[in-house]
Amino acid sequence: MNYEHIKEGVFLERLNRFVARVAVDGEESWCHVKNTGRCRELLVPGTKALVSENGHPGRKTRFDLISVYKGDRLVNIDSQAPNQVAEEWVRTGGLGADASKVIREKTWGDSRLDLYAEMGERRIFMEVKGVTLEEDGVARFPDAPTQRGIKHLKELERCLKAGYEAYILFVIQMEGIRYFEPNRAAHPEFADALVSACQAGVHILAYDCHVGRDSLTLHSEIPVLLR
């Protein structure tokens, strides 16, 4: 996926879940934070950031916060991006063949799962999780308890029983990752649910991303460690 009207800035402070102050071209501006997660290790005052000018003069926030630097590593924090890059990947053969049909946000049971795809006789449901939490080259999810995430794993298990293929794809929104693991310290119940889903036959995938100045692309498969 690609972004337009990218500018460099400096992150100053996060006012709430959705709004931050960022200095762009030497001027302080309101910026929409496209991630409601904590991101405490990323949104540090003085951090170099990349923003996209949204082109909506009536909005209070002139820019959207897209990426920030963590040391030398550029991390995309746009929570809408993982679904987009996952859809592009599935459409172009990421699961073994080009998809003839891809539907976003398809209802199954009591949930809306992120992607539904058809490839010949294959029928696939996929849940996509964006990952921005990293330490010493290890990516982890979630950064806070997620009952919704557990619910989706249970729904994927039900999809299997109904004859569908089921996947959960962790989109790691950065490069240079050694492996992925569930964040048991933050939410042990999600880690247990992920192990259960794997044992039931849900495919657990993790991919890092090439993060460009104005783009995000699924890059390489990363080992998944379910301890």
# chains A, B, ... in the order shown; residues from 1 in each chain; ligands from 1

call {"tool": "residues_around", "arguments": {"residues": "stretch 43-53 of chain A", "least_positions_apart": "4", "cutoff": "10 Å", "atoms": "only C-alpha atoms", "output": "NGL selection string"}}
result
:A and (3-14 or 20-24 or 31-33 or 38-39 or 61-71 or 74-77 or 213-214)

call {"tool": "write_last_selection", "arguments": {"atoms": "C-alpha atoms", "output": "mmCIF file, in the first residue's frame"}}
result
data_model
loop_
_atom_site.group_PDB
_atom_site.id
_atom_site.type_symbol
_atom_site.label_atom_id
_atom_site.label_comp_id
_atom_site.auth_asym_id
_atom_site.auth_seq_id
_atom_site.Cartn_x
_atom_site.Cartn_y
_atom_site.Cartn_z
ATOM 1 C CA TYR A 3 0.599 6.919 1.127
ATOM 2 C CA GLU A 4 0.499 10.400 -0.329
ATOM 3 C CA HIS A 5 1.705 13.833 0.804
ATOM 4 C CA ILE A 6 4.261 12.506 3.292
ATOM 5 C CA LYS A 7 6.218 14.966 5.425
ATOM 6 C CA GLU A 8 8.795 14.604 8.177
ATOM 7 C CA GLY A 9 8.011 15.872 11.630
ATOM 8 C CA VAL A 10 8.819 15.524 15.312
ATOM 9 C CA PHE A 11 6.384 13.900 17.720
ATOM 10 C CA LEU A 12 5.737 16.162 20.718
ATOM 11 C CA GLU A 13 2.974 14.622 22.815
ATOM 12 C CA ARG A 14 -0.122 12.469 22.678
ATOM 13 C CA ALA A 20 -1.203 14.237 19.107
ATOM 14 C CA ARG A 21 0.897 17.347 18.656
ATOM 15 C CA VAL A 22 3.591 17.102 15.994
ATOM 16 C CA ALA A 23 6.022 19.735 14.755
ATOM 17 C CA VAL A 24 6.015 19.850 10.938
ATOM 18 C CA CYS A 31 -2.213 15.153 14.165
ATOM 19 C CA HIS A 32 -4.614 12.204 14.030
ATOM 20 C CA VAL A 33 -3.077 9.098 15.659
ATOM 21 C CA ARG A 38 -0.696 2.275 23.873
ATOM 22 C CA CYS A 39 2.472 2.483 21.729
ATOM 23 C CA THR A 61 -6.199 17.423 12.611
ATOM 24 C CA ARG A 62 -4.309 18.508 9.509
ATOM 25 C CA PHE A 63 -2.060 15.426 9.435
ATOM 26 C CA ASP A 64 -2.288 11.668 10.012
ATOM 27 C CA LEU A 65 0.540 10.047 11.972
ATOM 28 C CA ILE A 66 1.833 7.175 9.828
ATOM 29 C CA SER A 67 5.259 6.042 11.088
ATOM 30 C CA VAL A 68 7.816 6.798 13.776
ATOM 31 C CA TYR A 69 11.465 5.928 14.217
ATOM 32 C CA LYS A 70 12.560 3.646 17.030
ATOM 33 C CA GLY A 71 16.310 4.132 16.864
ATOM 34 C CA LEU A 74 11.056 2.846 10.979
ATOM 35 C CA VAL A 75 7.815 1.487 12.469
ATOM 36 C CA ASN A 76 4.462 1.926 10.770
ATOM 37 C CA ILE A 77 1.738 2.555 13.374
ATOM 38 C CA ARG A 213 8.773 6.489 3.506
ATOM 39 C CA ASP A 214 5.403 6.346 1.730
#

call {"tool": "residues_around", "arguments": {"residues": "A:Leu153", "least_positions_apart": "6", "cutoff": "9 Å", "atoms": "only C-alpha atoms", "output": "ChimeraX atom specification"}}
result
/A:127,168,190,193-194,196-197,202

call {"tool": "select_by_dssp", "arguments": {"residues": "chain A", "states": "helix (DSSP H, G or I)", "output": "MDAnalysis selection string"}}
result
chainID A and resid 81:91 147:161 188:200

call {"tool": "select_by_dssp", "arguments": {"residues": "stretch 7-91 of chain A", "states": "strand (DSSP E or B)", "output": "PyMOL selection string"}}
result
chain A and resi 7-14+19-24+27-33+48-53+63-70+73-76

call {"tool": "residues_around", "arguments": {"residues": "A:Ile222", "least_positions_apart": "2", "cutoff": "6 Å", "atoms": "only C-alpha atoms", "output": "NGL selection string"}}
result
:A and (179 or 206-207)

call {"tool": "write_last_selection", "arguments": {"atoms": "N, CA and C atoms", "output": "PDB file, in the first residue's frame"}}
result
ATOM      1  N   TYR A 179      11.869 -13.237  15.611  1.00  0.00           N
ATOM      2  CA  TYR A 179      10.730 -14.144  15.712  1.00  0.00           C
ATOM      3  C   TYR A 179       9.565 -13.423  16.385  1.00  0.00           C
ATOM      4  N   ALA A 206       3.163 -15.195  10.747  1.00  0.00           N
ATOM      5  CA  ALA A 206       3.691 -13.869  11.086  1.00  0.00           C
ATOM      6  C   ALA A 206       4.609 -13.418   9.963  1.00  0.00           C
ATOM      7  N   TYR A 207       4.416 -12.212   9.495  1.00  0.00           N
ATOM      8  CA  TYR A 207       5.245 -11.613   8.444  1.00  0.00           C
ATOM      9  C   TYR A 207       5.700 -10.239   8.894  1.00  0.00           C
TER      10      TYR A 207
END

call {"tool": "residues_around", "arguments": {"residues": "A:Ala166", "least_positions_apart": "3", "cutoff": "7 Å", "atoms": "only C-alpha atoms", "output": "NGL selection string"}}
result
:A and (124-126 or 156 or 159-160 or 202-203)

call {"tool": "write_last_selection", "arguments": {"atoms": "C-alpha atoms", "output": "PDB file, in the first residue's frame"}}
result
ATOM      1  CA  ILE A 124     -10.645 -19.245   3.673  1.00  0.00           C
ATOM      2  CA  PHE A 125     -11.292 -17.025   6.683  1.00  0.00           C
ATOM      3  CA  MET A 126      -8.457 -14.895   8.018  1.00  0.00           C
ATOM      4  CA  LEU A 156     -11.692 -19.328  13.569  1.00  0.00           C
ATOM      5  CA  CYS A 159     -14.768 -21.989  10.857  1.00  0.00           C
ATOM      6  CA  LEU A 160     -12.532 -25.067  10.727  1.00  0.00           C
ATOM      7  CA  VAL A 202      -5.768 -22.747  12.645  1.00  0.00           C
ATOM      8  CA  HIS A 203      -2.727 -21.630  10.644  1.00  0.00           C
TER       9      HIS A 203
END

call {"tool": "closest_residue", "arguments": {"among": "A:Arg104, A:Arg59, A:Arg73, A:Lys151", "to": "A:Glu88", "atoms": "only C-alpha atoms"}}
result
A:Arg104

call {"tool": "residues_around", "arguments": {"residues": "A:Arg140", "least_positions_apart": "5", "cutoff": "6 Å", "atoms": "only C-alpha atoms", "output": "number ranges by chain"}}
result
A: 133, 180-183

call {"tool": "write_last_selection", "arguments": {"atoms": "C-alpha atoms", "output": "CSV table (one decimal), in the first residue's frame"}}
result
chain,number,residue,atom,x,y,z
A,133,LEU,CA,5.5,-4.0,19.9
A,180,PHE,CA,7.2,-13.5,16.9
A,181,GLU,CA,5.6,-14.7,20.1
A,182,PRO,CA,2.3,-14.0,22.0
A,183,ASN,CA,2.7,-11.5,24.8

call {"tool": "atom_distance", "arguments": {"atom1": "atom CA of A:Val171", "atom2": "atom CA of A:Leu216"}}
result
10.6 Å

call {"tool": "atom_distance", "arguments": {"atom1": "atom CA of A:Leu226", "atom2": "atom CA of A:Ile150"}}
result
15.3 Å

call {"tool": "residues_around", "arguments": {"residues": "A:Ile103", "least_positions_apart": "3", "cutoff": "7 Å", "atoms": "only C-alpha atoms", "output": "list in words"}}
result
Lys106, Leu115, Tyr116 and Ala117 of chain A

call {"tool": "residues_around", "arguments": {"residues": "A:Lys129", "least_positions_apart": "5", "cutoff": "9 Å", "atoms": "only C-alpha atoms", "output": "list of chain:residue names"}}
result
A:Ser79, A:Pro82, A:Asn83, A:Phe141, A:Pro142, A:Gly149, A:Ile168, A:Leu169, A:Phe170, A:Val171, A:Ile172

call {"tool": "write_last_selection", "arguments": {"atoms": "N, CA, C and O atoms", "output": "compact mmCIF listing (two decimals), in the first residue's frame"}}
result
# COMPACT_ATOMS: atom_id res chain seq x y z
N SER A 79 -3.01 1.57 12.18
CA SER A 79 -3.71 0.33 12.51
C SER A 79 -4.62 -0.14 11.38
O SER A 79 -5.10 -1.29 11.41
N PRO A 82 -2.46 -2.94 8.25
CA PRO A 82 -2.31 -4.39 8.17
C PRO A 82 -3.37 -5.09 7.33
O PRO A 82 -3.07 -6.00 6.55
N ASN A 83 -4.64 -4.69 7.47
CA ASN A 83 -5.68 -5.32 6.67
C ASN A 83 -5.48 -5.06 5.18
O ASN A 83 -5.74 -5.93 4.34
N PHE A 141 2.47 -9.70 20.51
CA PHE A 141 1.08 -9.24 20.46
C PHE A 141 0.31 -9.99 21.52
O PHE A 141 0.51 -11.19 21.70
N PRO A 142 -0.59 -9.30 22.25
CA PRO A 142 -0.95 -7.89 22.18
C PRO A 142 -0.11 -7.07 23.14
O PRO A 142 0.65 -7.62 23.93
N GLY A 149 -9.72 -10.28 20.62
CA GLY A 149 -8.80 -11.18 19.95
C GLY A 149 -9.08 -12.64 20.28
O GLY A 149 -9.02 -13.51 19.41
N ILE A 168 -4.72 -16.96 11.12
CA ILE A 168 -4.50 -15.67 11.77
C ILE A 168 -3.14 -15.19 11.31
O ILE A 168 -2.15 -15.93 11.37
N LEU A 169 -3.11 -13.97 10.80
CA LEU A 169 -1.89 -13.39 10.24
C LEU A 169 -1.47 -12.20 11.10
O LEU A 169 -2.21 -11.23 11.22
N PHE A 170 -0.29 -12.30 11.70
CA PHE A 170 0.28 -11.20 12.45
C PHE A 170 1.16 -10.38 11.51
O PHE A 170 2.20 -10.87 11.04
N VAL A 171 0.72 -9.17 11.23
CA VAL A 171 1.46 -8.27 10.34
C VAL A 171 2.36 -7.40 11.22
O VAL A 171 1.89 -6.49 11.91
N ILE A 172 3.65 -7.69 11.20
CA ILE A 172 4.62 -6.95 12.02
C ILE A 172 5.03 -5.72 11.23
O ILE A 172 5.66 -5.84 10.18

call {"tool": "atom_distance", "arguments": {"atom1": "atom CA of A:Arg40", "atom2": "atom CA of A:Asp143"}}
result
9.6 Å
